[in-house]
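Novice: Dropping a structure here in structure tokens format, bear with me for questions.
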Amino acid sequence: MKRLPVVIAAAVLVAGAGGVTAVAVTGQERVAEVVPDPPGGTATADRGDLVQQEQVGGTLGYAGSYQVTARAGGVFTWLPAPGSVVRHDERVFAVDDRPVPLWRGDKPLWRRVGAGVGKGSDVTLVEQNLKDLGLFSGTPDDAFTWATAAALREWQRVKGLERTGALDVGDVVVLPGEIRVTEVTSVLGAGAGGPVLRASGTGRLVTVEMPVAKQAIARQGAEVEVRLPGGARTKGAVASVGTVARNRDDGTAVIDVLVTLVDPAAAGGLDGAPATVHFTTERREGVITVPVNALLALPGGGYGVEVVRPGGVDLTPVELGLFGNGRVEVTGVAEGAEVRVAAS
């Protein structure tokens with residue numbers, strides 16, 4: 001059996017902002033001259049899931065953006081270095097050698113929290129942070145009690161602070177979670193007031209400028225594959241799909257799609273680096289597939305594969321389905337069959 005060349009037209013754009021990859025059989029080309037069998041090998045017709053993907057370029061970075069400020073009074077005696085990670089209850093900066101730590105919350109403290117203060121969400125925030133540190137044994141609520149004061153005094157003792165049992169505005173920096181310092185805007189010895197530093201969250205994400213014409217392929221919560229600088233791949237998930245379009249410099253209307261990484265450590269410390277996100281556009285489950293380079297153009301039209309059997313090779317016609325990741329769905333070949341493939 002002689003092998004006839006097969007031409008499968010493919011539309012391929014390299015990864016980049018708005019780039020896509022699509023593979024589709026659009027036709028075939030046959031030549032009259034019979035050519036010798038090319039060198040190659042064999043592969044197995046496997047049953048499994050097959051996905052078709054489109055690639056869109058994005059930028060690897062960190063989630064969130066914060067401006068950290070300080071209350072007026074005293075001077076800065078310690079500041080973090082850019083790139084530093086500050087976790088719960090670790091100092092963000094120090095004023096007059098007094099550490100100002102990071103606490104978790106969705107709003108800053110706006111008043112002194114101590115004995116006699118009225119009920120409020122700031123009291124709940126204080127109690128929750130103390131509970132997270134193992135210093136408050138009750139259930140956080142909005143009422144300041146002797147138990148709240150006792151827990152605050154213990155926290156102040158551990159920090160080496162005056163044990164007042166109260167927390168003043170500016171004693172802590174309140175942000176949603178741990179931060180990564182991106183820029184320090186003040187200097188040692190400067191008066192402690194106003195902007196101190198800029199920071200991001202520590203979660204890793206890829207920001208994709210998705211062309212509006214392609215926005216249907218990005219579905220919130222959908223699993224994606226991310227190709228990182230250097231070629232490593234990791235899983236991700238679509239965290240959000242923007243609803244406001246803007247025009248890029250080239251005139252393309254785009255929306256921002258944010259993709260989080262399932263394994264943030266896979267990205268290392270890269271920031272602002274290009275990445276490619278593979279969005280699944282179609283999925284077929286439990287289908288039989290063979291490598292694309294196993295296909296042969298049949299003289300009468302259509303495609304077939306050479307199935308290796310004891311004592312010989314049979315040319316078997318197949319019907320084609322979905323293409324993806326270098327394989328193609330076929331009907332007409334049994335699962336586990338050994339097929340010949342052309343040399344790559």
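Chains: A, B, ... in order of the structure tokens. Residues: from 1 per chain. Ligands: from 1, in order shown.
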Residues of region 191-223 of chain A that have any atom at most 12 Å from an atom of region 172-180 of chain A: could you tabulate them with the shortest-distance atom pair and the distance in Å to one decimal, using only C-alpha atoms, ordered by chain and increasing number, as JSON lines?
Specialist:
```
{"residue": "A:Val196", "atom": "CA", "partner": "A:Val173", "partner_atom": "CA", "distance": 11.2}
{"residue": "A:Leu197", "atom": "CA", "partner": "A:Arg180", "partner_atom": "CA", "distance": 10.4}
{"residue": "A:Arg198", "atom": "CA", "partner": "A:Arg180", "partner_atom": "CA", "distance": 8.7}
{"residue": "A:Ala199", "atom": "CA", "partner": "A:Arg180", "partner_atom": "CA", "distance": 5.4}
{"residue": "A:Ser200", "atom": "CA", "partner": "A:Arg180", "partner_atom": "CA", "distance": 5.2}
{"residue": "A:Gly201", "atom": "CA", "partner": "A:Ile179", "partner_atom": "CA", "distance": 4.6}
{"residue": "A:Thr202", "atom": "CA", "partner": "A:Ile179", "partner_atom": "CA", "distance": 5.7}
{"residue": "A:Gly203", "atom": "CA", "partner": "A:Ile179", "partner_atom": "CA", "distance": 9.0}
{"residue": "A:Arg204", "atom": "CA", "partner": "A:Arg180", "partner_atom": "CA", "distance": 11.1}
```
Novice: Just the selected residues (N, CA and C atoms), exported as an mmCIF file, in the first residue's frame, please.
Specialist:
```
data_model
loop_
_atom_site.group_PDB
_atom_site.id
_atom_site.type_symbol
_atom_site.label_atom_id
_atom_site.label_comp_id
_atom_site.auth_asym_id
_atom_site.auth_seq_id
_atom_site.Cartn_x
_atom_site.Cartn_y
_atom_site.Cartn_z
ATOM 1 N N VAL A 196 2.337 55.880 51.623
ATOM 2 C CA VAL A 196 3.565 55.212 52.062
ATOM 3 C C VAL A 196 4.082 54.279 50.973
ATOM 4 N N LEU A 197 3.199 53.477 50.439
ATOM 5 C CA LEU A 197 3.617 52.497 49.439
ATOM 6 C C LEU A 197 2.427 52.042 48.612
ATOM 7 N N ARG A 198 2.767 51.414 47.498
ATOM 8 C CA ARG A 198 1.753 50.758 46.663
ATOM 9 C C ARG A 198 1.991 49.262 46.739
ATOM 10 N N ALA A 199 0.908 48.509 46.617
ATOM 11 C CA ALA A 199 1.026 47.056 46.752
ATOM 12 C C ALA A 199 -0.018 46.367 45.887
ATOM 13 N N SER A 200 0.212 45.099 45.673
ATOM 14 C CA SER A 200 -0.757 44.234 45.005
ATOM 15 C C SER A 200 -1.095 43.100 45.948
ATOM 16 N N GLY A 201 -2.076 42.281 45.557
ATOM 17 C CA GLY A 201 -2.297 41.047 46.286
ATOM 18 C C GLY A 201 -1.213 40.049 45.901
ATOM 19 N N THR A 202 -1.248 38.873 46.490
ATOM 20 C CA THR A 202 -0.245 37.851 46.175
ATOM 21 C C THR A 202 -0.781 36.786 45.234
ATOM 22 N N GLY A 203 -2.064 36.823 44.938
ATOM 23 C CA GLY A 203 -2.629 35.867 43.993
ATOM 24 C C GLY A 203 -2.137 36.150 42.587
ATOM 25 N N ARG A 204 -1.857 35.074 41.818
ATOM 26 C CA ARG A 204 -1.362 35.238 40.457
ATOM 27 C C ARG A 204 -2.527 35.195 39.477
#
```
Novice: Under the rule of at most 7 Å, produce a per-residue listing of region 252-316 of chain A near region 49-67 of chain A: chain, number, name, the closest pair of atoms, and the distance in Å, as a Markdown table, using only C-alpha atoms.
Specialist:
```
| residue | atom | partner | partner_atom | distance |
| --- | --- | --- | --- | --- |
| A:Asp271 | CA | A:Gly61 | CA | 4.7 |
| A:Gly272 | CA | A:Leu60 | CA | 5.3 |
| A:Ala273 | CA | A:Leu60 | CA | 5.2 |
| A:Pro274 | CA | A:Thr59 | CA | 4.6 |
| A:Ala275 | CA | A:Gly58 | CA | 5.2 |
| A:Thr276 | CA | A:Gly57 | CA | 4.5 |
| A:Val277 | CA | A:Val56 | CA | 5.4 |
| A:His278 | CA | A:Gln55 | CA | 4.6 |
| A:Phe279 | CA | A:Gln53 | CA | 5.3 |
| A:Thr280 | CA | A:Gln53 | CA | 4.4 |
| A:Thr281 | CA | A:Gln53 | CA | 5.4 |
| A:Glu282 | CA | A:Gln52 | CA | 5.2 |
| A:Arg283 | CA | A:Val51 | CA | 4.4 |
| A:Arg284 | CA | A:Leu50 | CA | 5.2 |
| A:Glu285 | CA | A:Asp49 | CA | 4.2 |
| A:Gly286 | CA | A:Asp49 | CA | 5.2 |
| A:Val287 | CA | A:Asp49 | CA | 6.2 |
```
Novice: How would the residues just picked look written out with all heavy atoms as a compact mmCIF listing (two decimals), in the first residue's frame?
Specialist:
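Below you can see result.txt, which holds the result:
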```txt
# COMPACT_ATOMS: atom_id res chain seq x y z
N ASP A 271 6.50 38.82 36.76
CA ASP A 271 5.49 39.87 36.81
C ASP A 271 5.56 40.66 35.51
O ASP A 271 6.65 41.03 35.06
CB ASP A 271 5.75 40.78 38.01
CG ASP A 271 4.61 41.77 38.25
OD1 ASP A 271 3.54 41.59 37.64
OD2 ASP A 271 4.80 42.71 39.03
N GLY A 272 4.42 40.90 34.90
CA GLY A 272 4.40 41.64 33.65
C GLY A 272 4.88 40.85 32.46
O GLY A 272 5.19 41.42 31.40
N ALA A 273 4.98 39.54 32.61
CA ALA A 273 5.48 38.68 31.53
C ALA A 273 4.35 38.24 30.63
O ALA A 273 3.21 38.07 31.08
CB ALA A 273 6.20 37.47 32.12
N PRO A 274 4.63 38.01 29.35
CA PRO A 274 3.58 37.53 28.44
C PRO A 274 3.22 36.08 28.74
O PRO A 274 4.08 35.27 29.10
CB PRO A 274 4.23 37.67 27.06
CG PRO A 274 5.70 37.58 27.32
CD PRO A 274 5.92 38.22 28.65
N ALA A 275 1.97 35.75 28.58
CA ALA A 275 1.47 34.39 28.76
C ALA A 275 0.39 34.15 27.72
O ALA A 275 -0.17 35.10 27.15
CB ALA A 275 0.92 34.18 30.16
N THR A 276 0.09 32.90 27.47
CA THR A 276 -0.93 32.54 26.49
C THR A 276 -1.99 31.70 27.17
O THR A 276 -1.66 30.72 27.85
CB THR A 276 -0.33 31.76 25.31
OG1 THR A 276 0.72 32.52 24.73
CG2 THR A 276 -1.39 31.49 24.26
N VAL A 277 -3.24 32.07 27.00
CA VAL A 277 -4.36 31.34 27.61
C VAL A 277 -5.08 30.56 26.53
O VAL A 277 -5.44 31.11 25.47
CB VAL A 277 -5.34 32.29 28.31
CG1 VAL A 277 -6.48 31.51 28.94
CG2 VAL A 277 -4.61 33.12 29.38
N HIS A 278 -5.26 29.25 26.78
CA HIS A 278 -5.96 28.37 25.84
C HIS A 278 -7.41 28.19 26.33
O HIS A 278 -7.64 27.55 27.37
CB HIS A 278 -5.26 27.01 25.76
CG HIS A 278 -3.86 27.10 25.23
ND1 HIS A 278 -3.49 26.57 24.02
CD2 HIS A 278 -2.75 27.67 25.73
CE1 HIS A 278 -2.21 26.80 23.81
NE2 HIS A 278 -1.73 27.47 24.84
N PHE A 279 -8.35 28.76 25.60
CA PHE A 279 -9.76 28.66 25.95
C PHE A 279 -10.38 27.49 25.16
O PHE A 279 -10.17 27.37 23.96
CB PHE A 279 -10.51 29.94 25.58
CG PHE A 279 -10.09 31.15 26.39
CD1 PHE A 279 -9.02 31.93 25.98
CD2 PHE A 279 -10.76 31.49 27.54
CE1 PHE A 279 -8.63 33.04 26.70
CE2 PHE A 279 -10.39 32.60 28.28
CZ PHE A 279 -9.32 33.38 27.87
N THR A 280 -11.14 26.66 25.85
CA THR A 280 -11.80 25.53 25.19
C THR A 280 -13.05 26.03 24.47
O THR A 280 -13.93 26.64 25.06
CB THR A 280 -12.18 24.46 26.22
OG1 THR A 280 -11.00 23.94 26.82
CG2 THR A 280 -12.95 23.32 25.56
N THR A 281 -13.10 25.75 23.17
CA THR A 281 -14.26 26.17 22.37
C THR A 281 -15.22 25.02 22.10
O THR A 281 -16.40 25.24 21.85
CB THR A 281 -13.80 26.76 21.03
OG1 THR A 281 -13.00 25.79 20.33
CG2 THR A 281 -12.96 28.01 21.26
N GLU A 282 -14.70 23.80 22.12
CA GLU A 282 -15.56 22.63 21.91
C GLU A 282 -14.93 21.43 22.57
O GLU A 282 -13.70 21.31 22.61
CB GLU A 282 -15.75 22.36 20.41
CG GLU A 282 -16.81 21.30 20.10
CD GLU A 282 -17.09 21.18 18.61
OE1 GLU A 282 -16.57 22.00 17.83
OE2 GLU A 282 -17.83 20.25 18.23
N ARG A 283 -15.75 20.57 23.12
CA ARG A 283 -15.25 19.37 23.80
C ARG A 283 -16.07 18.16 23.39
O ARG A 283 -17.30 18.23 23.31
CB ARG A 283 -15.33 19.55 25.32
CG ARG A 283 -14.95 18.31 26.13
CD ARG A 283 -15.19 18.53 27.63
NE ARG A 283 -14.32 19.56 28.14
CZ ARG A 283 -13.10 19.34 28.61
NH1 ARG A 283 -12.61 18.11 28.62
NH2 ARG A 283 -12.37 20.33 29.08
N ARG A 284 -15.40 17.06 23.10
CA ARG A 284 -16.07 15.80 22.83
C ARG A 284 -15.53 14.77 23.82
O ARG A 284 -14.32 14.62 23.97
CB ARG A 284 -15.80 15.33 21.40
CG ARG A 284 -16.33 16.29 20.32
CD ARG A 284 -17.85 16.34 20.30
NE ARG A 284 -18.43 15.04 20.05
CZ ARG A 284 -18.62 14.55 18.84
NH1 ARG A 284 -18.25 15.25 17.77
NH2 ARG A 284 -19.18 13.36 18.69
N GLU A 285 -16.43 14.07 24.48
CA GLU A 285 -16.03 13.13 25.52
C GLU A 285 -16.19 11.69 25.03
O GLU A 285 -17.16 11.35 24.36
CB GLU A 285 -16.87 13.35 26.78
CG GLU A 285 -16.68 14.74 27.41
CD GLU A 285 -17.49 14.91 28.67
OE1 GLU A 285 -18.31 14.03 28.98
OE2 GLU A 285 -17.30 15.95 29.35
N GLY A 286 -15.21 10.86 25.39
CA GLY A 286 -15.27 9.44 25.09
C GLY A 286 -15.24 9.10 23.63
O GLY A 286 -15.90 8.16 23.19
N VAL A 287 -14.45 9.84 22.84
CA VAL A 287 -14.38 9.57 21.41
C VAL A 287 -13.06 8.89 21.08
O VAL A 287 -12.08 8.98 21.82
CB VAL A 287 -14.53 10.86 20.59
CG1 VAL A 287 -15.91 11.46 20.80
CG2 VAL A 287 -13.44 11.87 20.95
```
Novice: If we count only C-alpha atoms and set the cut-off at 8 Å, which residues sit around region 237-239 of chain A, ignoring sequence neighbours fewer than 3 positions away in its own chain? Please answer as a list in words.
Specialist: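 Residues near the query, excluding close chain neighbours: Ala218, Arg219, Gln220, Gly221, Ala222, Glu223, Val224, Val257, Leu258, Val259, Thr260, Leu261 and Val262 of chain A.
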Novice: Any chance you can output those residues with C-alpha atoms as an mmCIF file, in the first residue's frame?
Specialist:
```
data_model
loop_
_atom_site.group_PDB
_atom_site.id
_atom_site.type_symbol
_atom_site.label_atom_id
_atom_site.label_comp_id
_atom_site.auth_asym_id
_atom_site.auth_seq_id
_atom_site.Cartn_x
_atom_site.Cartn_y
_atom_site.Cartn_z
ATOM 1 C CA ALA A 218 -14.581 33.231 27.879
ATOM 2 C CA ARG A 219 -17.082 31.965 30.434
ATOM 3 C CA GLN A 220 -16.709 32.829 34.116
ATOM 4 C CA GLY A 221 -15.589 29.796 36.095
ATOM 5 C CA ALA A 222 -14.483 27.863 33.008
ATOM 6 C CA GLU A 223 -11.253 25.886 33.189
ATOM 7 C CA VAL A 224 -8.458 27.013 30.887
ATOM 8 C CA VAL A 257 -10.741 38.749 31.065
ATOM 9 C CA LEU A 258 -9.004 37.802 34.319
ATOM 10 C CA VAL A 259 -7.660 34.270 34.676
ATOM 11 C CA THR A 260 -6.396 32.920 38.007
ATOM 12 C CA LEU A 261 -3.839 30.126 38.290
ATOM 13 C CA VAL A 262 -4.757 26.902 40.073
#
```
Novice: Just asking: which residues within region 109-270 of chain A are strand (DSSP E) according to DSSP, as a PyMOL selection string?
Specialist: chain A and resi 173-175+179-184+194-201+204-211+223-227+233-241+246-247+253-261
Novice: Keeping only N, CA and C atoms, write the selected residues as a short mmCIF file (atom, residue, chain, number, x, y, z; two decimals), in the first residue's frame.
Specialist:
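selection.cif, freshly written:
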```
data_model
loop_
_atom_site.label_atom_id
_atom_site.label_comp_id
_atom_site.auth_asym_id
_atom_site.auth_seq_id
_atom_site.Cartn_x
_atom_site.Cartn_y
_atom_site.Cartn_z
N VAL A 173 -2.87 48.54 59.52
CA VAL A 173 -3.29 48.74 58.13
C VAL A 173 -4.28 47.62 57.80
N VAL A 174 -5.47 47.99 57.35
CA VAL A 174 -6.50 47.00 57.07
C VAL A 174 -6.68 46.86 55.55
N LEU A 175 -6.44 45.63 55.06
CA LEU A 175 -6.60 45.31 53.65
C LEU A 175 -7.24 43.93 53.53
N ILE A 179 -0.27 41.11 51.17
CA ILE A 179 0.08 41.98 50.06
C ILE A 179 1.52 41.76 49.62
N ARG A 180 1.80 42.20 48.42
CA ARG A 180 3.15 42.22 47.86
C ARG A 180 3.47 43.67 47.54
N VAL A 181 4.54 44.19 48.13
CA VAL A 181 4.91 45.60 47.95
C VAL A 181 5.44 45.79 46.53
N THR A 182 4.86 46.72 45.79
CA THR A 182 5.30 46.99 44.43
C THR A 182 6.12 48.27 44.33
N GLU A 183 5.87 49.23 45.21
CA GLU A 183 6.60 50.49 45.17
C GLU A 183 6.52 51.17 46.54
N VAL A 184 7.64 51.67 47.03
CA VAL A 184 7.67 52.44 48.28
C VAL A 184 7.79 53.90 47.90
N GLY A 194 0.17 60.45 54.97
CA GLY A 194 -0.09 60.34 53.55
C GLY A 194 0.39 59.03 52.96
N PRO A 195 0.59 58.98 51.63
CA PRO A 195 0.96 57.74 50.96
C PRO A 195 2.30 57.20 51.44
N VAL A 196 2.34 55.88 51.62
CA VAL A 196 3.57 55.21 52.06
C VAL A 196 4.08 54.28 50.97
N LEU A 197 3.20 53.48 50.44
CA LEU A 197 3.62 52.50 49.44
C LEU A 197 2.43 52.04 48.61
N ARG A 198 2.77 51.41 47.50
CA ARG A 198 1.75 50.76 46.66
C ARG A 198 1.99 49.26 46.74
N ALA A 199 0.91 48.51 46.62
CA ALA A 199 1.03 47.06 46.75
C ALA A 199 -0.02 46.37 45.89
N SER A 200 0.21 45.10 45.67
CA SER A 200 -0.76 44.23 45.00
C SER A 200 -1.10 43.10 45.95
N GLY A 201 -2.08 42.28 45.56
CA GLY A 201 -2.30 41.05 46.29
C GLY A 201 -1.21 40.05 45.90
N ARG A 204 -1.86 35.07 41.82
CA ARG A 204 -1.36 35.24 40.46
C ARG A 204 -2.53 35.19 39.48
N LEU A 205 -2.45 36.02 38.47
CA LEU A 205 -3.48 36.02 37.44
C LEU A 205 -2.90 36.45 36.11
N VAL A 206 -3.63 36.15 35.07
CA VAL A 206 -3.30 36.60 33.72
C VAL A 206 -4.43 37.51 33.26
N THR A 207 -4.05 38.70 32.82
CA THR A 207 -5.03 39.63 32.26
C THR A 207 -5.01 39.49 30.74
N VAL A 208 -6.16 39.13 30.19
CA VAL A 208 -6.29 38.90 28.76
C VAL A 208 -7.10 40.03 28.14
N GLU A 209 -6.56 40.63 27.09
CA GLU A 209 -7.33 41.60 26.32
C GLU A 209 -8.09 40.81 25.25
N MET A 210 -9.32 40.47 25.57
CA MET A 210 -10.11 39.61 24.69
C MET A 210 -10.87 40.45 23.66
N PRO A 211 -10.63 40.21 22.37
CA PRO A 211 -11.43 40.92 21.36
C PRO A 211 -12.92 40.68 21.59
N GLU A 223 -12.66 26.29 33.07
CA GLU A 223 -11.25 25.89 33.19
C GLU A 223 -10.52 26.21 31.90
N VAL A 224 -9.29 26.70 32.03
CA VAL A 224 -8.46 27.01 30.89
C VAL A 224 -7.06 26.46 31.13
N GLU A 225 -6.25 26.50 30.10
CA GLU A 225 -4.84 26.13 30.23
C GLU A 225 -4.00 27.36 29.93
N VAL A 226 -2.98 27.59 30.75
CA VAL A 226 -2.12 28.77 30.60
C VAL A 226 -0.71 28.32 30.26
N ARG A 227 -0.18 28.86 29.16
CA ARG A 227 1.21 28.59 28.80
C ARG A 227 2.05 29.77 29.29
N ARG A 233 3.27 24.77 31.25
CA ARG A 233 1.81 24.91 31.21
C ARG A 233 1.22 24.62 32.57
N THR A 234 0.13 25.31 32.90
CA THR A 234 -0.55 25.09 34.16
C THR A 234 -2.03 25.36 33.97
N LYS A 235 -2.84 24.84 34.87
CA LYS A 235 -4.28 25.04 34.79
C LYS A 235 -4.66 26.41 35.36
N GLY A 236 -5.76 26.92 34.85
CA GLY A 236 -6.29 28.18 35.34
C GLY A 236 -7.80 28.17 35.28
N ALA A 237 -8.40 29.25 35.74
CA ALA A 237 -9.86 29.39 35.71
C ALA A 237 -10.21 30.85 35.42
N VAL A 238 -11.27 31.05 34.65
CA VAL A 238 -11.71 32.40 34.34
C VAL A 238 -12.38 33.00 35.57
N ALA A 239 -11.74 34.03 36.14
CA ALA A 239 -12.26 34.66 37.36
C ALA A 239 -13.32 35.70 37.05
N SER A 240 -13.14 36.45 35.98
CA SER A 240 -14.12 37.48 35.64
C SER A 240 -14.02 37.81 34.16
N VAL A 241 -15.13 38.23 33.61
CA VAL A 241 -15.20 38.65 32.20
C VAL A 241 -15.72 40.08 32.19
N ARG A 246 -13.16 48.62 25.40
CA ARG A 246 -12.32 49.77 25.08
C ARG A 246 -11.56 49.45 23.79
N ASN A 247 -11.05 50.47 23.16
CA ASN A 247 -10.31 50.27 21.91
C ASN A 247 -8.81 50.26 22.17
N ALA A 253 -11.66 46.47 19.44
CA ALA A 253 -12.44 46.59 20.68
C ALA A 253 -12.20 45.36 21.54
N VAL A 254 -11.80 45.57 22.79
CA VAL A 254 -11.46 44.46 23.68
C VAL A 254 -12.12 44.65 25.04
N ILE A 255 -12.24 43.52 25.76
CA ILE A 255 -12.65 43.55 27.16
C ILE A 255 -11.58 42.81 27.96
N ASP A 256 -11.48 43.09 29.24
CA ASP A 256 -10.51 42.41 30.09
C ASP A 256 -11.11 41.12 30.65
N VAL A 257 -10.38 40.04 30.47
CA VAL A 257 -10.74 38.75 31.07
C VAL A 257 -9.63 38.39 32.04
N LEU A 258 -9.99 38.14 33.30
CA LEU A 258 -9.00 37.80 34.32
C LEU A 258 -9.01 36.30 34.56
N VAL A 259 -7.83 35.71 34.51
CA VAL A 259 -7.66 34.27 34.68
C VAL A 259 -6.75 34.02 35.87
N THR A 260 -7.22 33.27 36.86
CA THR A 260 -6.40 32.92 38.01
C THR A 260 -5.71 31.58 37.76
N LEU A 261 -4.59 31.36 38.43
CA LEU A 261 -3.84 30.13 38.29
C LEU A 261 -4.19 29.17 39.42
#
```
Novice: When DSSP is applied to the backbone of this structure, which of region 136-194 of chain A are assigned alpha helix (DSSP H)? Write them out as a ChimeraX atom specification.
Specialist: /A:146-159
Novice: Generate a file of the selected residues that holds all heavy atoms, formatted as a compact mmCIF listing (two decimals), in the first residue's frame.
Specialist:
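Okay, this is what ended up in out.txt:
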```txt
# COMPACT_ATOMS: atom_id res chain seq x y z
N TRP A 146 -15.37 43.34 77.75
CA TRP A 146 -14.13 43.13 78.50
C TRP A 146 -13.26 42.07 77.82
O TRP A 146 -12.03 42.15 77.87
CB TRP A 146 -14.44 42.70 79.94
CG TRP A 146 -15.12 41.35 80.03
CD1 TRP A 146 -16.45 41.09 80.04
CD2 TRP A 146 -14.46 40.08 80.07
NE1 TRP A 146 -16.70 39.75 80.10
CE2 TRP A 146 -15.48 39.09 80.14
CE3 TRP A 146 -13.14 39.66 80.09
CZ2 TRP A 146 -15.20 37.73 80.20
CZ3 TRP A 146 -12.86 38.31 80.16
CH2 TRP A 146 -13.89 37.36 80.20
N ALA A 147 -13.92 41.09 77.16
CA ALA A 147 -13.16 40.04 76.47
C ALA A 147 -12.40 40.63 75.28
O ALA A 147 -11.27 40.21 74.99
CB ALA A 147 -14.09 38.94 76.01
N THR A 148 -13.02 41.61 74.60
CA THR A 148 -12.33 42.27 73.48
C THR A 148 -11.12 43.02 74.00
O THR A 148 -10.01 42.92 73.43
CB THR A 148 -13.28 43.25 72.78
OG1 THR A 148 -14.56 42.67 72.59
CG2 THR A 148 -12.70 43.68 71.43
N ALA A 149 -11.30 43.76 75.10
CA ALA A 149 -10.19 44.52 75.68
C ALA A 149 -9.07 43.61 76.15
O ALA A 149 -7.88 43.91 75.96
CB ALA A 149 -10.71 45.38 76.83
N ALA A 150 -9.43 42.48 76.77
CA ALA A 150 -8.42 41.55 77.25
C ALA A 150 -7.60 40.98 76.10
O ALA A 150 -6.37 40.83 76.18
CB ALA A 150 -9.08 40.43 78.04
N ALA A 151 -8.28 40.64 75.01
CA ALA A 151 -7.58 40.10 73.84
C ALA A 151 -6.66 41.16 73.23
O ALA A 151 -5.53 40.86 72.80
CB ALA A 151 -8.58 39.60 72.81
N LEU A 152 -7.12 42.41 73.19
CA LEU A 152 -6.28 43.49 72.65
C LEU A 152 -5.04 43.70 73.52
O LEU A 152 -3.93 43.91 73.02
CB LEU A 152 -7.09 44.79 72.57
CG LEU A 152 -7.83 45.05 71.26
CD1 LEU A 152 -8.70 46.29 71.37
CD2 LEU A 152 -6.84 45.20 70.09
N ARG A 153 -5.21 43.66 74.83
CA ARG A 153 -4.06 43.84 75.72
C ARG A 153 -3.03 42.72 75.52
O ARG A 153 -1.82 42.96 75.55
CB ARG A 153 -4.51 43.91 77.18
CG ARG A 153 -5.11 45.25 77.58
CD ARG A 153 -5.24 45.38 79.08
NE ARG A 153 -6.25 44.46 79.60
CZ ARG A 153 -7.53 44.77 79.73
NH1 ARG A 153 -7.97 45.98 79.38
NH2 ARG A 153 -8.39 43.89 80.23
N GLU A 154 -3.51 41.51 75.33
CA GLU A 154 -2.58 40.40 75.09
C GLU A 154 -1.86 40.60 73.76
O GLU A 154 -0.64 40.33 73.65
CB GLU A 154 -3.34 39.08 75.09
CG GLU A 154 -2.49 37.85 74.81
CD GLU A 154 -1.35 37.66 75.80
OE1 GLU A 154 -1.38 38.26 76.89
OE2 GLU A 154 -0.41 36.89 75.47
N TRP A 155 -2.58 41.03 72.74
CA TRP A 155 -1.94 41.31 71.45
C TRP A 155 -0.88 42.39 71.61
O TRP A 155 0.23 42.28 71.06
CB TRP A 155 -3.01 41.74 70.44
CG TRP A 155 -2.47 42.15 69.11
CD1 TRP A 155 -2.03 41.35 68.11
CD2 TRP A 155 -2.32 43.50 68.63
NE1 TRP A 155 -1.61 42.09 67.02
CE2 TRP A 155 -1.78 43.42 67.32
CE3 TRP A 155 -2.60 44.76 69.17
CZ2 TRP A 155 -1.51 44.55 66.55
CZ3 TRP A 155 -2.33 45.89 68.40
CH2 TRP A 155 -1.79 45.77 67.11
N GLN A 156 -1.20 43.45 72.35
CA GLN A 156 -0.24 44.53 72.56
C GLN A 156 0.98 44.05 73.34
O GLN A 156 2.12 44.47 73.07
CB GLN A 156 -0.93 45.70 73.28
CG GLN A 156 -1.95 46.41 72.39
CD GLN A 156 -2.90 47.31 73.15
OE1 GLN A 156 -3.15 47.11 74.35
NE2 GLN A 156 -3.44 48.32 72.46
N ARG A 157 0.78 43.14 74.29
CA ARG A 157 1.91 42.59 75.04
C ARG A 157 2.85 41.83 74.11
O ARG A 157 4.08 42.00 74.17
CB ARG A 157 1.41 41.66 76.15
CG ARG A 157 2.53 41.10 77.04
CD ARG A 157 2.03 39.98 77.91
NE ARG A 157 1.70 38.78 77.12
CZ ARG A 157 2.62 37.93 76.66
NH1 ARG A 157 3.92 38.14 76.88
NH2 ARG A 157 2.25 36.87 75.96
N VAL A 158 2.28 41.02 73.23
CA VAL A 158 3.09 40.24 72.30
C VAL A 158 3.87 41.17 71.36
O VAL A 158 5.04 40.89 71.03
CB VAL A 158 2.20 39.28 71.49
CG1 VAL A 158 3.00 38.61 70.37
CG2 VAL A 158 1.58 38.23 72.40
N LYS A 159 3.26 42.28 70.98
CA LYS A 159 3.90 43.21 70.06
C LYS A 159 4.87 44.16 70.75
O LYS A 159 5.58 44.92 70.08
CB LYS A 159 2.84 44.04 69.32
CG LYS A 159 1.99 43.24 68.34
CD LYS A 159 2.81 42.80 67.15
CE LYS A 159 1.97 42.08 66.11
NZ LYS A 159 2.78 41.58 64.98
```
